[in-house]
2 protein chains.
Amino acid sequence: MTKHERKPASPRPKGGIPSPKRAPTMADVARLAGVSTMTVSRALKSDSVILESTRQRILAVCEEIGYILDERAGALSSNQSGFISALVPSINNANFADLARGLTDAAADSGLQILLGYTEYSSEKEEALIGAMLRRRPEAFMLVTGHHSERTRAMLRAAAIPVVEAWDTPEDPIHHTVGFSFAHATATMVRRLHEKGYREIAFLGGTSYPGSPGASRRAGYEAAIRALGLPEGRIVSFRQPPTALAMGQGAAGIVELIERFPGVDAVVCVHDLAAFGALMECRRRGWDVPGRCAIAGFGDFEVSRYSAPRITTIQVDAYALGRMAGGMLLDSIRSARQGRATAARHVTIPFSIEEREST
Amino acid sequence: MTKHERKPASPRPKGGIPSPKRAPTMADVARLAGVSTMTVSRALKSDSVILESTRQRILAVCEEIGYILDERAGALSSNQSGFISALVPSINNANFADLARGLTDAAADSGLQILLGYTEYSSEKEEALIGAMLRRRPEAFMLVTGHHSERTRAMLRAAAIPVVEAWDTPEDPIHHTVGFSFAHATATMVRRLHEKGYREIAFLGGTSYPGSPGASRRAGYEAAIRALGLPEGRIVSFRQPPTALAMGQGAAGIVELIERFPGVDAVVCVHDLAAFGALMECRRRGWDVPGRCAIAGFGDFEVSRYSAPRITTIQVDAYALGRMAGGMLLDSIRSARQGRATAARHVTIPFSIEEREST
DNA sequence: CGACGGAATGGTAGCGATAACAGATCGATG
DNA sequence: CATCGATCTGTTATCGCTACCATTCCGTCG
């Protein structure tokens, strides 16, 4: 020992059974199995060449002494963290939860883990989270929805890792995208309502500032209304970004809407939670749905399938979307590990209008 | 260079501005700021002694060259991963999402990050996830609900890190616990219904095998029914563990229940989603709620606050519970970092019966 | 005026794994 | 029987950071 040597946490025997006070390392396994640490390392990776009998012997030793691979060290040495970072606006939302689950399952198939963060619809939080996550050197990033600050984009560019923006497709993508146009979907819903004979179609929810959640849905609504020559301006916005209050905003919103625009005969809501809140408020007040006013949602949340009446909505398989986003990132990661870059891909996935009893 | 030296990813200049092809390291920052790497390390930790002017100079260099601390290396060197692992049965559940959010926020206050996993109510998945997570050397573990296999318990014991079991309190805790007795809460609901005059009270949901989700709620129901001398056996179980089908199970279940036990005048459901499904099915069939049959839930999901009628339920602040669980773990982590162990704590948090229109 | 102490900073080893290549072993082949 | 190639295993250096202690630089004090 020279004077600067770090004192070990506990004494290390040079041979024999490792001290019970210390977690076993690969060197302990190697010693007990009579092989080198490299061979142990290979035994624990599924894709490496090693005699099956050797692997079995090593795995037996691992099991016996309770050895657990330390991926912190592995990540440093191999320069592969094994992480994918994912940012969702909120986890308390079935669509985002499904997206995250799809990504997690796709990543797990390749042995990668997810670092999940919630931005709560705030760019400051998003920046802070990305900064914290980059310190873990994730191998890829998934962003769900939203406009991203220039600082966010710069950080991701500097990190030089694959990025996928999922769900609503942005106009100015960072890299990969996968999702569908919320504006297009909402416009389709408006046209469908028009075909069914509704003539004064309103929009409920979202806030008006650009880049806000719901802005693209609102824009799609407005474009469709104009194209059809229907009366414009039937809009009631929410004051707050989407939160747990979503249903309450829908309940309050429908009342304001009907009072301000008594002729309205159909409402397109920014998402199913608002639609459900609106629907229940109508029932409470004795307003028939869809007789007095039809109600449509967005997202096909479970509540829309079981409410009475069932709610017409825009359906997208968020779980599959998450898996697809994961697949795209994994492809890019594999390429990056072999030193190749991947061109950005832009995938549009289908949505469908689920016509139910509320329209 | 000797023959065994690892080939660097790209050439490393010995001085001057770091090559743009290579991510800057602490050594680059140190060189440019004219200090040692130790001083850079101190500048980036908030709690260390360093001249403020030095810190500012170092931070400026970091900003200029886009240096990002590599916590993979830090974790290895300091033997502190900065991770807390959390396992929830499902993320697509408002209670669990709130729990995870509370834990995340509590951890973030201390600079720790969360590794989140979903067990999907399967012990095999739980074991696999814990194994994968332990390779990251988390500093603590939160488990939400459920019975844990002996192998799970052994792994956590061997890891020798603080563990908190949150939500439903287990009979045989691993370490810390925080939550409340689901059995007690459900029994309280039954008594409340009895006080209101209901006499044939049923239970809907859960599966019957021991350790299944809902088992403790069902046990609490049965105990209360027996204690009150009410007619027993009014139970309809679900065939599947809780999933996205939760509302559909409630809808199907209420029909089966009313057909098999026509005298039932109140139903306690295993959770609000089943209660909601049941309620909507009743409306669809023209069965008045609570006139024909009262319906109560569990968990105070948003849907229960806005449905028509609003659903009576058992309310718990899951976010606060998550924060509390996080606080307990952080205390233990701090102690562990100073070499001290912490005694297991068992915290019971309050629940309340939210009486609404459905009973 | 020299000893002392506290604050700031520096030097070095080591955390535990893996990359890269070298070496050993063994059966097949000419 | 020597050579070759394929397969398996070993050696060494390194990833980027932080713990541990040493050192330097001051101002203070007996």
# chains A, B, ... in the order shown; residues from 1 in each chain; ligands from 1

call {"tool": "residues_around", "arguments": {"residues": "Asp98 of chain B", "least_positions_apart": "6", "cutoff": "9 Å", "atoms": "only C-alpha atoms (C1' of nucleotides)", "output": "MDAnalysis selection string"}}
result
(chainID A and resid 91:92) or (chainID B and resid 317:322)

call {"tool": "write_last_selection", "arguments": {"atoms": "C-alpha atoms", "output": "mmCIF file, in the first residue's frame"}}
result
data_model
loop_
_atom_site.group_PDB
_atom_site.id
_atom_site.type_symbol
_atom_site.label_atom_id
_atom_site.label_comp_id
_atom_site.auth_asym_id
_atom_site.auth_seq_id
_atom_site.Cartn_x
_atom_site.Cartn_y
_atom_site.Cartn_z
ATOM 1 C CA ILE A 91 -48.018 9.465 -15.867
ATOM 2 C CA ASN A 92 -51.560 9.752 -14.647
ATOM 3 C CA ASP B 317 -53.880 10.413 -0.487
ATOM 4 C CA ALA B 318 -51.626 8.164 -2.561
ATOM 5 C CA TYR B 319 -49.322 11.000 -3.571
ATOM 6 C CA ALA B 320 -48.666 11.878 0.071
ATOM 7 C CA LEU B 321 -48.190 8.211 0.789
ATOM 8 C CA GLY B 322 -45.562 8.027 -1.928
#

call {"tool": "interface_residues", "arguments": {"of": "chain D", "to": "chain B", "cutoff": "10 Å", "atoms": "only C-alpha atoms (C1' of nucleotides)", "output": "PyMOL selection string"}}
result
chain D and resi 11-19

call {"tool": "write_last_selection", "arguments": {"atoms": "C-alpha atoms (C1' of nucleotides)", "output": "PDB file, in the first residue's frame"}}
result
ATOM      1  C1'  DT D  11      -3.807 -10.837 -19.807  1.00  0.00           C
ATOM      2  C1'  DT D  12      -3.722  -6.114 -19.514  1.00  0.00           C
ATOM      3  C1'  DA D  13      -5.228  -1.552 -19.801  1.00  0.00           C
ATOM      4  C1'  DT D  14      -8.830   1.454 -19.414  1.00  0.00           C
ATOM      5  C1'  DC D  15     -13.585   3.644 -18.748  1.00  0.00           C
ATOM      6  C1'  DG D  16     -14.356   8.658 -15.672  1.00  0.00           C
ATOM      7  C1'  DC D  17     -15.046   9.607 -11.442  1.00  0.00           C
ATOM      8  C1'  DT D  18     -14.383  10.173  -6.116  1.00  0.00           C
ATOM      9  C1'  DA D  19     -12.274   8.667  -1.380  1.00  0.00           C
TER      10       DA D  19
END

call {"tool": "select_by_dssp", "arguments": {"residues": "segment 20-178 of chain A", "states": "strand (DSSP E or B)", "output": "VMD selection string"}}
result
chain A and resid 83 to 88 113 to 118 140 to 144 163 to 168 176 to 178

call {"tool": "residues_around", "arguments": {"residues": "Cys62 of chain A", "least_positions_apart": "3", "cutoff": "12 Å", "atoms": "only C-alpha atoms (C1' of nucleotides)", "output": "list of chain:residue names"}}
result
A:Ala23, A:Pro24, A:Thr25, A:Met26, A:Ala27, A:Asp28, A:Val29, A:Ala30, A:Arg31, A:Leu32, A:Ala33, A:Val40, A:Ser41, A:Ala43, A:Leu44, A:Arg55, A:Gln56, A:Arg57, A:Ile58, A:Leu59, A:Ile65, A:Gly66, A:Tyr67, A:Ile68, A:Leu69

call {"tool": "write_last_selection", "arguments": {"atoms": "N, CA and C atoms", "output": "short mmCIF file (atom, residue, chain, number, x, y, z; two decimals), in the first residue's frame"}}
result
data_model
loop_
_atom_site.label_atom_id
_atom_site.label_comp_id
_atom_site.auth_asym_id
_atom_site.auth_seq_id
_atom_site.Cartn_x
_atom_site.Cartn_y
_atom_site.Cartn_z
N ALA A 23 -19.81 -7.39 -0.59
CA ALA A 23 -20.54 -7.98 -1.71
C ALA A 23 -19.54 -8.63 -2.66
N PRO A 24 -19.85 -9.82 -3.14
CA PRO A 24 -18.91 -10.49 -4.03
C PRO A 24 -18.78 -9.77 -5.36
N THR A 25 -17.61 -9.83 -5.94
CA THR A 25 -17.38 -9.24 -7.25
C THR A 25 -17.08 -10.35 -8.25
N MET A 26 -16.92 -9.92 -9.48
CA MET A 26 -16.62 -10.88 -10.52
C MET A 26 -15.32 -11.62 -10.23
N ALA A 27 -14.40 -10.94 -9.61
CA ALA A 27 -13.12 -11.59 -9.29
C ALA A 27 -13.34 -12.74 -8.32
N ASP A 28 -14.26 -12.57 -7.38
CA ASP A 28 -14.56 -13.66 -6.45
C ASP A 28 -15.10 -14.87 -7.19
N VAL A 29 -16.03 -14.59 -8.09
CA VAL A 29 -16.60 -15.69 -8.87
C VAL A 29 -15.51 -16.38 -9.68
N ALA A 30 -14.67 -15.57 -10.31
CA ALA A 30 -13.61 -16.13 -11.16
C ALA A 30 -12.69 -17.04 -10.34
N ARG A 31 -12.31 -16.56 -9.17
CA ARG A 31 -11.42 -17.35 -8.34
C ARG A 31 -12.06 -18.69 -7.97
N LEU A 32 -13.31 -18.63 -7.51
CA LEU A 32 -13.98 -19.86 -7.07
C LEU A 32 -14.25 -20.81 -8.23
N ALA A 33 -14.46 -20.26 -9.42
CA ALA A 33 -14.75 -21.14 -10.55
C ALA A 33 -13.47 -21.55 -11.27
N VAL A 40 -15.94 -15.08 -16.78
CA VAL A 40 -17.17 -14.85 -16.02
C VAL A 40 -18.04 -13.85 -16.75
N SER A 41 -17.42 -12.78 -17.20
CA SER A 41 -18.17 -11.76 -17.92
C SER A 41 -18.87 -12.38 -19.12
N ALA A 43 -19.74 -15.46 -19.50
CA ALA A 43 -20.78 -16.40 -19.07
C ALA A 43 -22.10 -15.67 -18.79
N LEU A 44 -21.98 -14.40 -18.39
CA LEU A 44 -23.18 -13.67 -18.01
C LEU A 44 -23.81 -12.90 -19.17
N ARG A 55 -19.91 -22.25 -18.60
CA ARG A 55 -20.95 -21.30 -18.21
C ARG A 55 -21.76 -21.85 -17.04
N GLN A 56 -22.13 -23.11 -17.12
CA GLN A 56 -22.94 -23.70 -16.05
C GLN A 56 -22.19 -23.66 -14.72
N ARG A 57 -20.90 -23.98 -14.77
CA ARG A 57 -20.10 -23.98 -13.55
C ARG A 57 -20.08 -22.57 -12.96
N ILE A 58 -19.89 -21.59 -13.84
CA ILE A 58 -19.82 -20.20 -13.36
C ILE A 58 -21.16 -19.75 -12.80
N LEU A 59 -22.23 -20.09 -13.51
CA LEU A 59 -23.55 -19.68 -13.01
C LEU A 59 -23.83 -20.32 -11.65
N ILE A 65 -22.79 -18.02 -4.22
CA ILE A 65 -22.31 -16.92 -3.38
C ILE A 65 -23.18 -15.68 -3.52
N GLY A 66 -24.25 -15.76 -4.29
CA GLY A 66 -25.15 -14.62 -4.42
C GLY A 66 -24.54 -13.46 -5.17
N TYR A 67 -23.77 -13.77 -6.19
CA TYR A 67 -23.16 -12.69 -6.97
C TYR A 67 -24.19 -12.05 -7.90
N ILE A 68 -24.17 -10.74 -7.93
CA ILE A 68 -25.01 -9.98 -8.85
C ILE A 68 -24.12 -9.04 -9.65
N LEU A 69 -24.23 -9.15 -10.95
CA LEU A 69 -23.43 -8.31 -11.85
C LEU A 69 -23.63 -6.84 -11.49
#

call {"tool": "interface_residues", "arguments": {"of": "chain C", "to": "chain A", "cutoff": "6 Å", "atoms": "only C-alpha atoms (C1' of nucleotides)", "output": "NGL selection string"}}
result
:C and (12-13 or 16-18)

call {"tool": "residues_around", "arguments": {"residues": "Val289 of chain B", "least_positions_apart": "6", "cutoff": "9 Å", "atoms": "only C-alpha atoms (C1' of nucleotides)", "output": "MDAnalysis selection string"}}
result
chainID B and resid 279 282:283 295 309 357:359

call {"tool": "write_last_selection", "arguments": {"atoms": "C-alpha atoms", "output": "mmCIF file, in the first residue's frame"}}
result
data_model
loop_
_atom_site.group_PDB
_atom_site.id
_atom_site.type_symbol
_atom_site.label_atom_id
_atom_site.label_comp_id
_atom_site.auth_asym_id
_atom_site.auth_seq_id
_atom_site.Cartn_x
_atom_site.Cartn_y
_atom_site.Cartn_z
ATOM 1 C CA LEU B 279 -72.925 1.722 -11.911
ATOM 2 C CA CYS B 282 -77.180 -0.418 -13.803
ATOM 3 C CA ARG B 283 -78.091 2.836 -15.508
ATOM 4 C CA ILE B 295 -72.683 0.905 -5.009
ATOM 5 C CA PRO B 309 -74.358 9.637 -9.557
ATOM 6 C CA GLU B 357 -74.683 9.872 -4.160
ATOM 7 C CA SER B 358 -74.303 6.195 -5.004
ATOM 8 C CA THR B 359 -75.130 4.894 -1.502
#

call {"tool": "closest_residue", "arguments": {"among": "B:Met280, B:Ala86, B:Val270, B:Val164", "to": "chain A", "atoms": "only C-alpha atoms"}}
result
B:Met280

call {"tool": "residues_around", "arguments": {"residues": "DG27 of chain C", "least_positions_apart": "2", "cutoff": "12 Å", "atoms": "only C-alpha atoms (C1' of nucleotides)", "output": "number ranges by chain"}}
result
C: 25, 29; D: 4-7
